[in-house]
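For reference, the structure is listed below as structure tokens.
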Amino acid sequence: MATKLMTSILRRTSLKPSPVRPLSTAAAAAVSPLPTAEPQEDPTGISIKGVKISGRPLYLDMQATSPVDPRVLDAMLPFYLSRYGNPHSRTHLYGWESDEAVESARSQVASLINASPKEIVFTSGATECNNISVKGVMHFYKDKKRHVITTQTEHKCVLDSCRHLQQEGFDITYLPVRPDGLVDLDTLRSAIRPDTGLISIMAVNNEIGVIQPMEEIGEICKEFKIPFHTDAAQALGKIPIDVDKWNVSLMSLSGHKVYGPKGVGALYMRRRPRIRVEPQMNGGGQERGIRSGTVPTPLVVGMGAACELAMKEMEYDEERIKGLQERLLNGIRAKLDGVVVNGSVERRYAGNLNLSFAYVEGESLLMGLKEVAVSSGSACTSASLEPSYVLRALGVDEDMAHTSIRFGIGRFTTEEEIDRAIELTVKQVVKLREMSPLYEMVKEGIDIKKIQWSQH
């Protein structure tokens, strides 16, 4: 009886289709996809976060992040799939080959900025590098140095690190910039004090793309024997960098701004004359004790590969991107008036085009440009409806600061995408201006700045 019962149960269970048990997690994901926040595609378009668009937008937000170059991904994959050893494991092949890959990537990053591999410390990104540089230097030299000089247009992580130091009793000078976004060298020189411990000025601005006079700033720092830190996340792989010509002591670098992976960065720290920092993270003492934690081999390999590609292709990319930028600017200006380029036109990285459109509200323009992925400023602060603090530092009027759009052009941007962006931008600006009473008044010759508005 028991045997018959068991046979019946086995027959029933064997007839049920059993789920396939894949051998890899990738196969498992393919068979039984987990619920994700992926955009929902249907024949009429894509819906995400309550917004419906006809298809994936054109990507023109390269200052926020860049796509991973397929050649970079090819370099990374083996370190996810087969060479997955911990680079700090010293007792077997898996550790040795990972360590060798990390050191090779260190050399690739160093070559791009004309540094020694021994001066490169891998981190999680430029934000961490900036924190180590600003807080780490001042904490190390706190007994003698109590003053930092920076600019009003720095990235948020530098400004917030400086505010953190202010709460600890340090003095910070936030230098103003000229209307073209560049630092006045005489103003910088006059701000230096005997107890100045660090000067931190970014190389290429993330919002307006202006290139600071790095060699001249470096000369001033050398003259007064003050460590010079620069946030070069937006400069790496886009303009030539030479740490000796610039005379920088510390430089923050990011992987995902140079067609590498997110989650990895590098900090350049000069060895002669040696710069010292207090580590901001304690642990196993990896990366010369400056940044403890297991070095993520695939990410580091990806950043190294991205830097090597940038070395080979920077000149070609620059020429091509410059042509696309001129095409975009000329195309928009040919059809619209009241278009202003924010920041210096002569000293800027061509891939960053920050434009203000008079008599148009920036948020409305962004909402209307759903087919083009652009931003109104830094990705770190774009959730705010306040006008860009960078544009306000340039002295841009609040109404014009509110109308700014940043177009980011990169290695994979095509002429067709630029032409489509021109078409969509012009169409949306014209539409919004038709609804603007201010634009109508200007067309009639009324100077709206002279109008005395009464409040009810």
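In the structure tokens, the first chain shown is A, the next is B, and so on; residue numbers restart at 1 for each chain, and ligands run from 1 in the order shown.
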At most 12 Å is the cut-off: for each residue in range 272-301 of chain A with any atom that close to an atom of range 253-260 of chain A, write down the nearest atom pair and the distance in Å rounded to one decimal, counting only C-alpha atoms, chain first then increasing number, as JSON lines.
```
{"residue": "A:Pro298", "atom": "CA", "partner": "A:Gly260", "partner_atom": "CA", "distance": 10.7}
{"residue": "A:Leu299", "atom": "CA", "partner": "A:Gly260", "partner_atom": "CA", "distance": 8.1}
{"residue": "A:Val300", "atom": "CA", "partner": "A:Gly255", "partner_atom": "CA", "distance": 8.4}
{"residue": "A:Val301", "atom": "CA", "partner": "A:Gly260", "partner_atom": "CA", "distance": 9.2}
```
Would you put the residues from that selection into a file with all heavy atoms, as a JSON list (two decimals), in the first residue's frame?
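Contents of result_16.json, as written:
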```
[["chain", "number", "residue", "atom", "x", "y", "z"],
["A", 298, "PRO", "N", 37.56, 45.20, -11.04],
["A", 298, "PRO", "CA", 36.93, 45.47, -12.35],
["A", 298, "PRO", "C", 36.76, 46.97, -12.62],
["A", 298, "PRO", "O", 36.99, 47.43, -13.74],
["A", 298, "PRO", "CB", 35.56, 44.78, -12.25],
["A", 298, "PRO", "CG", 35.68, 43.81, -11.12],
["A", 298, "PRO", "CD", 36.69, 44.39, -10.18],
["A", 299, "LEU", "N", 36.39, 47.72, -11.59],
["A", 299, "LEU", "CA", 36.18, 49.15, -11.77],
["A", 299, "LEU", "C", 37.49, 49.87, -12.05],
["A", 299, "LEU", "O", 37.57, 50.75, -12.92],
["A", 299, "LEU", "CB", 35.51, 49.75, -10.53],
["A", 299, "LEU", "CG", 34.15, 49.18, -10.11],
["A", 299, "LEU", "CD1", 33.59, 49.92, -8.90],
["A", 299, "LEU", "CD2", 33.15, 49.26, -11.27],
["A", 300, "VAL", "N", 38.51, 49.50, -11.30],
["A", 300, "VAL", "CA", 39.83, 50.12, -11.47],
["A", 300, "VAL", "C", 40.38, 49.80, -12.87],
["A", 300, "VAL", "O", 40.93, 50.68, -13.55],
["A", 300, "VAL", "CB", 40.77, 49.62, -10.35],
["A", 300, "VAL", "CG1", 42.22, 49.89, -10.68],
["A", 300, "VAL", "CG2", 40.40, 50.29, -9.03],
["A", 301, "VAL", "N", 40.23, 48.55, -13.30],
["A", 301, "VAL", "CA", 40.67, 48.15, -14.64],
["A", 301, "VAL", "C", 39.92, 48.98, -15.69],
["A", 301, "VAL", "O", 40.51, 49.44, -16.68],
["A", 301, "VAL", "CB", 40.43, 46.64, -14.87],
["A", 301, "VAL", "CG1", 40.54, 46.26, -16.34],
["A", 301, "VAL", "CG2", 41.42, 45.82, -14.04]]
```
Residues of range 107-185 of chain A that have any atom at most 12 Å from an atom of range 193-212 of chain A: could you tabulate them with the shortest-distance atom pair and the distance in Å to one decimal, using only C-alpha atoms, ordered by chain and increasing number, as a Markdown table?
```
| residue | atom | partner | partner_atom | distance |
| --- | --- | --- | --- | --- |
| A:Ala126 | CA | A:Met202 | CA | 11.5 |
| A:Asn130 | CA | A:Ser200 | CA | 9.2 |
| A:Asn131 | CA | A:Ser200 | CA | 11.4 |
| A:Ser133 | CA | A:Ser200 | CA | 8.9 |
| A:Val134 | CA | A:Leu198 | CA | 7.5 |
| A:Lys135 | CA | A:Leu198 | CA | 10.0 |
| A:Gly136 | CA | A:Leu198 | CA | 10.6 |
| A:Val137 | CA | A:Leu198 | CA | 7.5 |
| A:Met138 | CA | A:Gly197 | CA | 6.5 |
| A:His139 | CA | A:Gly197 | CA | 10.0 |
| A:Phe140 | CA | A:Gly197 | CA | 10.0 |
| A:Tyr141 | CA | A:Gly197 | CA | 7.3 |
| A:Lys142 | CA | A:Gly197 | CA | 8.4 |
| A:Asp143 | CA | A:Asp195 | CA | 9.8 |
| A:Lys144 | CA | A:Asp195 | CA | 6.6 |
| A:Lys145 | CA | A:Asp195 | CA | 4.6 |
| A:Arg146 | CA | A:Asp195 | CA | 5.7 |
| A:His147 | CA | A:Thr196 | CA | 4.4 |
| A:Val148 | CA | A:Leu198 | CA | 5.0 |
| A:Ile149 | CA | A:Ile199 | CA | 4.7 |
| A:Thr150 | CA | A:Ser200 | CA | 4.9 |
| A:Thr151 | CA | A:Ile201 | CA | 6.4 |
| A:Gln152 | CA | A:Ile201 | CA | 9.6 |
| A:Thr153 | CA | A:Asn205 | CA | 7.6 |
| A:Glu154 | CA | A:Met202 | CA | 6.3 |
| A:His155 | CA | A:Asn206 | CA | 7.4 |
| A:Lys156 | CA | A:Asn206 | CA | 10.5 |
| A:Cys157 | CA | A:Met202 | CA | 11.5 |
| A:Val158 | CA | A:Ser200 | CA | 8.1 |
| A:Leu159 | CA | A:Ser200 | CA | 9.9 |
| A:Ser161 | CA | A:Ser200 | CA | 11.1 |
| A:Cys162 | CA | A:Ser200 | CA | 9.9 |
| A:Phe170 | CA | A:Thr196 | CA | 10.1 |
| A:Asp171 | CA | A:Thr196 | CA | 8.9 |
| A:Ile172 | CA | A:Thr196 | CA | 9.3 |
| A:Thr173 | CA | A:Ile199 | CA | 9.5 |
| A:Tyr174 | CA | A:Ser200 | CA | 10.0 |
| A:Leu175 | CA | A:Ile201 | CA | 9.7 |
| A:Pro176 | CA | A:Ile201 | CA | 11.7 |
| A:Val177 | CA | A:Gln212 | CA | 10.3 |
| A:Arg178 | CA | A:Gln212 | CA | 11.3 |
| A:Pro179 | CA | A:Val210 | CA | 11.3 |
| A:Asp180 | CA | A:Val210 | CA | 8.0 |
| A:Gly181 | CA | A:Val210 | CA | 6.5 |
| A:Leu182 | CA | A:Gln212 | CA | 5.8 |
| A:Val183 | CA | A:Gln212 | CA | 6.9 |
| A:Asp184 | CA | A:Gln212 | CA | 9.8 |
| A:Leu185 | CA | A:Gln212 | CA | 10.3 |
```
Self-check item: Within 9 Å of Arg56 in chain A using only C-alpha atoms, minus same-chain residues under 3 positions, as a list in words
Solution: Gly45, Ile46, Ile53, Tyr59, Glu371 and Val372 of chain A
Quiz item: From the list A:Leu165, A:Val109, A:Arg291, A:Lys443, which residue is nearest Leu236 in chain A when using only C-alpha atoms?
Solution: A:Val109
